[in-house]
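Encoded as structure tokens, the structure appears first; notes follow it.
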Amino acid sequence: MAMLEVKNLEVYYGVICALKGISFEVNEGEIVSLIGANGAGKTTMMQSVVGIIPKKSGTVLFNGQNITKTPCHKIVQLGMTQVPEGRRIFQELSVYENLMMGAYTVRDQQRFKADLESIYERFPRLAERRNQVAGTLSGGEQQMLAMSRALMSHPKLLMLDEPSMGLAPILVDQIFEIIKELHASGTTILLVEQNASKALQIADRAYVLENGVITLSGTGAELAQSDDVRKAYLGG
Amino acid sequence: MEAILSTLINGLSLGGIYAMIALGYTMVYGIAKMLNFAHGDIIMIGGYLIYVFMATNNPLLAILLACVGCMILGVAIEKIAYKPLRGASPLAVLITAIGVSYLLQSLAQIIFGSASKMVMVYEFGAVKLLGVTIQVSSLVTLAVTVVVMTALTMFVKYTRLGRAMIAVSEDKSAAQLMGINVNRIITITFAIGSVLAALAGLFYLLKAPSVSNTMGAMPGIKAFTAAVIGGIGSIPGAMLGGILLGVVESISYKITVIAPYTDAIEFSILILILLVRPTGFLGKKRREKV
């Protein structure tokens with residue numbers, strides 16, 4: 001059984017159809033990448049799956065449970081957490097308070113403290129800046145904070161929307177290293193990326209989204225070899 | 001010297017009332033991104049509720065029941081009138097809020113009549129302080145305001161729920177992604193704002209013991225002005241703006257030549273500040289997204 005199963009998802013912005021009935025799935029333990037150009041509908045897909053923007057039709061199942069109409073805040077409690085495009089950290093809150101918000105669904109104080117410690121251990125930069133207002137962090141630090149914040153809720157499925165956006169190449173490498181580590185420690189990952197070569201390299205399976213339609217799917221390696229993908233997304 | 005001291009205390013206590021009301025405006029604006037123009041009328045409803053519950057002859061009980069009543073009313077208004085408009089154009093929400101304001105005023109007039117009602121909540125009397133006669137009610141108002149504002153600041157700063165309110169005001173969808181129930185936060189915000197308005201109603205009754213169906217209109221507009229001066233959306237801003245406006249009003253009333261123009265002076269300050277600092281004293285500039 002797939003961990004996340006999306007069937008015939010349709011999303012409209014007014015009369016404009018942004019997703020024309022897409023279907024895909026993420027199995028437990030996988031890294032699944034969804035690549036596509038700007039405006040293909042990647043972020044729309046991410047936001048509609050978790051219920052931030054409404055779905056016109058289609059079904060979303062998470063561990064077999066129908067969450068098509070479940071409000072966003074309840075989906076987090078089920079174990080599906082998203083790092084949104086553009087990081088969207090709370091600029092006015094401190095690093096610590098951002099992590100506290102990430103743990104909003106965690107009621108156990110002991111567990112919260114332990115999680116906090118392990119995040120600080122993993123990202124010493126965040127530990128150094130724990131009382132600093134998050135808006136003053138650099139882009140790379142903000143992305144680390146955004147990912148750490150999502151981890152505070154103990155997701156079974158972590159959804160990452162363009163984690164490499166706007167980062168220097170060396171930081172992009174770092175972010176992808178972190179994704180690999182998270183995966184190795186047992187988190188299932190759905191990754192949406194414009195950086196197709198990186199995203200395919202890391203993926204067990206991948207999908208190509210074009211103008212609101214999934215046009216290709218396969219293993220990461222298969223898609224990286226595909227002529228269509230190479231021409232369109234990998235620069236020849 | 002005596003005149004200065006009494007003017008200052010009156011100003012601070014009036015400013016405290018404005019700040020209490022302004023907090024309701026600013027918190028609702030920050031979190032629900034709407035201007036609740038019916039907020040001033042909650043003060044009036046608070047006044048009438050105290051009038052009704054004073055039948056128990058127990059001022060504290062009457063105040064408590066009025067606070068609870070206003071809280072329920074504020075939450076109900078949000079659920080019935082504003083929630084269905086979530087995502088609608090700001091103009092639609094604004095017009096609805098004005099509609100709710102007239103609805104409350106008209107209902108009060110139908111129920112209680114158009115003549116104002118006398119309500120004597122409690123006779124505090126006056127004390128002599130450094131040779132100045134000061135109404136104890138002003139001091140009580142000031143003290144309660146300080147306590148309430150401190151409590152509210154602590155609540156927002158140090159509790160999980162308070163931090164969630166800041167998170168929602170900054171980024172609603174990111175807050176949802178944290179598992180924060182945004183609707184619940186909005187409900188809580190309306191509840192807090194309405195209780196503060198009920199307390200403001202009480203303070204007006206302590207100053208002048210009568211209620212009428214339009215008593216909330218002017219304080220509402222003044223407090224809104226205070227919220228904008230302080231920076232709408234900012235909690236310390238509402239406090240600062242309220243106190244500032246109260247002190248200015250009280251000084252202006254003392255100076256015979258300009259006393260008739262007091263309201264004009266206050267609104268001129270608003271215009272002036274909007275020209276120089278459109279975000280108000282403590283308002284944030286909206287950061288442009290890259």
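Ligands are numbered from 1 in the order shown, residues from 1 within each chain, and chains are lettered A, B, ... in the order they appear in the structure tokens.
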> Leaving out Val95 in chain A and any residue of its chain fewer than 2 positions from it, which residues lie within 7 Å of it when counting only C-alpha atoms, given as an MDAnalysis selection string?
Replying inline: chainID A and resid 93 97:99 126 129:134
>> Show me, as a ChimeraX atom specification, the residues of chain A whose atoms get within 9 Å of chain B, using only C-alpha atoms for the distance check.
In response: /A:50,52,71-77,81-84,86-93,97-98,100-105,149-150,153
Those selected residues, please, written with C-alpha atoms and delivered as a PDB file, in the first residue's frame.
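Everything below was put into part35.pdb:
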ATOM      1  CA  VAL A  50      -2.368  19.310   2.151  1.00  0.00           C
ATOM      2  CA  ILE A  52      -4.168  24.890   1.679  1.00  0.00           C
ATOM      3  CA  PRO A  71      -8.202  20.526   6.937  1.00  0.00           C
ATOM      4  CA  CYS A  72      -4.504  21.287   6.725  1.00  0.00           C
ATOM      5  CA  HIS A  73      -3.825  21.490  10.474  1.00  0.00           C
ATOM      6  CA  LYS A  74      -5.206  17.984  10.999  1.00  0.00           C
ATOM      7  CA  ILE A  75      -3.108  16.520   8.206  1.00  0.00           C
ATOM      8  CA  VAL A  76       0.009  17.564  10.113  1.00  0.00           C
ATOM      9  CA  GLN A  77      -1.202  15.529  13.094  1.00  0.00           C
ATOM     10  CA  THR A  81       4.479  17.878   6.989  1.00  0.00           C
ATOM     11  CA  GLN A  82       5.451  20.282   4.281  1.00  0.00           C
ATOM     12  CA  VAL A  83       8.330  22.694   3.905  1.00  0.00           C
ATOM     13  CA  PRO A  84       6.719  25.337   1.710  1.00  0.00           C
ATOM     14  CA  GLY A  86      10.231  30.100  -0.291  1.00  0.00           C
ATOM     15  CA  ARG A  87      10.802  28.607   3.183  1.00  0.00           C
ATOM     16  CA  ARG A  88       8.143  30.804   4.805  1.00  0.00           C
ATOM     17  CA  ILE A  89       9.789  30.863   8.208  1.00  0.00           C
ATOM     18  CA  PHE A  90       8.231  33.219  10.734  1.00  0.00           C
ATOM     19  CA  GLN A  91      10.483  36.233  10.345  1.00  0.00           C
ATOM     20  CA  GLU A  92       9.430  38.001  13.533  1.00  0.00           C
ATOM     21  CA  LEU A  93       9.857  34.951  15.739  1.00  0.00           C
ATOM     22  CA  GLU A  97      10.121  30.043  18.568  1.00  0.00           C
ATOM     23  CA  ASN A  98      10.030  28.879  14.955  1.00  0.00           C
ATOM     24  CA  MET A 100       8.369  25.660  18.867  1.00  0.00           C
ATOM     25  CA  MET A 101       5.750  26.372  16.179  1.00  0.00           C
ATOM     26  CA  GLY A 102       7.029  23.390  14.219  1.00  0.00           C
ATOM     27  CA  ALA A 103       6.299  21.277  17.284  1.00  0.00           C
ATOM     28  CA  TYR A 104       2.810  22.755  17.664  1.00  0.00           C
ATOM     29  CA  THR A 105       1.224  19.315  17.387  1.00  0.00           C
ATOM     30  CA  ARG A 149      10.888  23.248  11.877  1.00  0.00           C
ATOM     31  CA  ALA A 150       9.093  20.642   9.772  1.00  0.00           C
ATOM     32  CA  SER A 153       6.407  17.416  14.101  1.00  0.00           C
TER      33      SER A 153
END
What's the 10 Å shell around Leu216 in chain A, counting only C-alpha atoms, without same-chain residues fewer than 6 positions away, as a compact mmCIF listing (two decimals) with C-alpha atoms, in the first residue's frame?
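Contents of selection.txt, freshly written:
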# COMPACT_ATOMS: atom_id res chain seq x y z
CA ILE A 35 10.13 17.91 -11.58
CA ALA A 206 10.19 10.54 -10.28
CA TYR A 207 7.40 12.23 -12.19
CA VAL A 208 7.50 15.02 -14.77
CA LEU A 209 4.75 17.61 -14.52
CA GLU A 210 3.99 19.79 -17.55
CA LEU A 223 14.12 9.68 -16.32
CA SER A 226 15.25 9.87 -21.12
CA ASP A 228 12.78 14.19 -23.55
CA VAL A 229 13.80 14.93 -19.99
> Counting only C-alpha atoms, what is within 6 Å of Ile17 in chain B, bar same-chain residues fewer than 3 positions away, as an NGL selection string?
Replying inline: :B and (14 or 20 or 200)
Put those residues in a file: N, CA and C atoms, as a compact mmCIF listing (two decimals), in the first residue's frame.
# COMPACT_ATOMS: atom_id res chain seq x y z
N LEU B 14 -7.81 57.77 30.37
CA LEU B 14 -8.55 57.77 29.11
C LEU B 14 -7.76 57.01 28.04
N MET B 20 -7.17 49.77 25.36
CA MET B 20 -7.93 48.52 25.49
C MET B 20 -8.74 48.23 24.23
N ALA B 200 -13.73 48.10 28.53
CA ALA B 200 -13.75 49.51 28.13
C ALA B 200 -15.13 50.10 28.41
>> Using DSSP assignments from the backbone, pull out every residue in range 57-273 of chain B that falls under strand (DSSP E) and give it to me as a list in words.
In response: Lys117, Met118, Ala126, Val127, Lys128, Leu129, Val132, Thr133, Ile134, Gln135, Ser210 and Val211 of chain B
Quick one: write out the picked residues with C-alpha atoms as a compact mmCIF listing (two decimals), in the first residue's frame?
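Printed below is result_10.txt as written:
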# COMPACT_ATOMS: atom_id res chain seq x y z
CA LYS B 117 -30.00 54.61 30.81
CA MET B 118 -28.36 55.49 34.08
CA ALA B 126 -12.20 61.01 45.06
CA VAL B 127 -8.89 61.26 46.87
CA LYS B 128 -6.45 64.09 47.45
CA LEU B 129 -3.04 63.32 46.05
CA VAL B 132 -4.88 67.47 43.77
CA THR B 133 -8.37 65.97 43.77
CA ILE B 134 -8.38 62.84 41.68
CA GLN B 135 -11.25 60.52 40.85
CA SER B 210 -25.01 56.34 31.46
CA VAL B 211 -25.37 54.07 28.43
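All residues in range 21-102 of chain A with a DSSP state of alpha helix (DSSP H), computed from the backbone, read Lys42, Thr43, Thr44, Met45, Met46, Gln47, Ser48, Val49, Cys72, His73, Lys74, Ile75, Val76, Gln77, Leu78, Val95, Tyr96, Glu97, Asn98, Leu99, Met100, Met101 and Gly102 of chain A.
For Phe224 in chain B, the residues within 8 Å (counting only C-alpha atoms, excluding itself and residues fewer than 3 positions away along the chain) are Ile21, Ala22, Tyr25, Gly220, Ile221, Ala227 and Val228 of chain B.
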Which residues are close to Ile95 in chain B, i.e. within 12 Å by only C-alpha atoms, leaving aside same-chain residues fewer than 3 positions away? Reply as a PDB file with N, CA and C atoms, in the first residue's frame.
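The resulting selection.pdb:
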ATOM      1  N   MET B  34      -8.689  41.958   8.859  1.00  0.00           N
ATOM      2  CA  MET B  34      -9.887  42.737   8.556  1.00  0.00           C
ATOM      3  C   MET B  34     -10.067  43.843   9.596  1.00  0.00           C
ATOM      4  N   LEU B  35     -10.763  44.913   9.200  1.00  0.00           N
ATOM      5  CA  LEU B  35     -11.086  45.976  10.152  1.00  0.00           C
ATOM      6  C   LEU B  35     -12.488  45.705  10.668  1.00  0.00           C
ATOM      7  N   ASN B  36     -12.585  45.402  11.940  1.00  0.00           N
ATOM      8  CA  ASN B  36     -13.876  45.072  12.526  1.00  0.00           C
ATOM      9  C   ASN B  36     -14.534  46.346  13.047  1.00  0.00           C
ATOM     10  N   PHE B  37     -15.264  47.021  12.167  1.00  0.00           N
ATOM     11  CA  PHE B  37     -15.840  48.302  12.579  1.00  0.00           C
ATOM     12  C   PHE B  37     -16.992  48.135  13.558  1.00  0.00           C
ATOM     13  N   ALA B  38     -17.398  46.906  13.812  1.00  0.00           N
ATOM     14  CA  ALA B  38     -18.425  46.691  14.832  1.00  0.00           C
ATOM     15  C   ALA B  38     -17.798  46.622  16.225  1.00  0.00           C
ATOM     16  N   ALA B  81     -21.057  36.388  10.642  1.00  0.00           N
ATOM     17  CA  ALA B  81     -20.941  37.452   9.638  1.00  0.00           C
ATOM     18  C   ALA B  81     -19.630  37.416   8.860  1.00  0.00           C
ATOM     19  N   TYR B  82     -18.516  37.120   9.544  1.00  0.00           N
ATOM     20  CA  TYR B  82     -17.212  37.281   8.885  1.00  0.00           C
ATOM     21  C   TYR B  82     -16.643  35.994   8.304  1.00  0.00           C
ATOM     22  N   LEU B  85     -17.110  34.996   4.801  1.00  0.00           N
ATOM     23  CA  LEU B  85     -16.469  35.904   3.845  1.00  0.00           C
ATOM     24  C   LEU B  85     -14.961  35.726   3.794  1.00  0.00           C
ATOM     25  N   ALA B  88     -13.016  36.524   0.701  1.00  0.00           N
ATOM     26  CA  ALA B  88     -13.737  37.479  -0.146  1.00  0.00           C
ATOM     27  C   ALA B  88     -12.952  38.792  -0.194  1.00  0.00           C
ATOM     28  N   SER B  89     -13.398  39.730  -1.029  1.00  0.00           N
ATOM     29  CA  SER B  89     -12.654  40.982  -1.152  1.00  0.00           C
ATOM     30  C   SER B  89     -12.744  41.758   0.161  1.00  0.00           C
ATOM     31  N   PRO B  90     -11.662  42.478   0.508  1.00  0.00           N
ATOM     32  CA  PRO B  90     -11.649  43.223   1.772  1.00  0.00           C
ATOM     33  C   PRO B  90     -12.815  44.215   1.868  1.00  0.00           C
ATOM     34  N   LEU B  91     -13.236  44.743   0.717  1.00  0.00           N
ATOM     35  CA  LEU B  91     -14.324  45.706   0.714  1.00  0.00           C
ATOM     36  C   LEU B  91     -15.619  45.053   1.210  1.00  0.00           C
ATOM     37  N   ALA B  92     -15.878  43.814   0.769  1.00  0.00           N
ATOM     38  CA  ALA B  92     -17.083  43.100   1.194  1.00  0.00           C
ATOM     39  C   ALA B  92     -17.074  42.906   2.705  1.00  0.00           C
ATOM     40  N   ILE B  98     -19.457  47.190   8.889  1.00  0.00           N
ATOM     41  CA  ILE B  98     -20.241  48.408   9.124  1.00  0.00           C
ATOM     42  C   ILE B  98     -21.709  48.029   9.319  1.00  0.00           C
ATOM     43  N   GLY B  99     -22.165  47.053   8.519  1.00  0.00           N
ATOM     44  CA  GLY B  99     -23.537  46.571   8.669  1.00  0.00           C
ATOM     45  C   GLY B  99     -23.783  46.007  10.055  1.00  0.00           C
ATOM     46  N   VAL B 100     -22.839  45.208  10.551  1.00  0.00           N
ATOM     47  CA  VAL B 100     -22.978  44.617  11.887  1.00  0.00           C
ATOM     48  C   VAL B 100     -23.045  45.723  12.934  1.00  0.00           C
ATOM     49  N   SER B 101     -22.223  46.765  12.724  1.00  0.00           N
ATOM     50  CA  SER B 101     -22.208  47.893  13.654  1.00  0.00           C
ATOM     51  C   SER B 101     -23.599  48.534  13.758  1.00  0.00           C
ATOM     52  N   TYR B 102     -24.220  48.825  12.609  1.00  0.00           N
ATOM     53  CA  TYR B 102     -25.568  49.425  12.628  1.00  0.00           C
ATOM     54  C   TYR B 102     -26.595  48.463  13.203  1.00  0.00           C
TER      55      TYR B 102
END
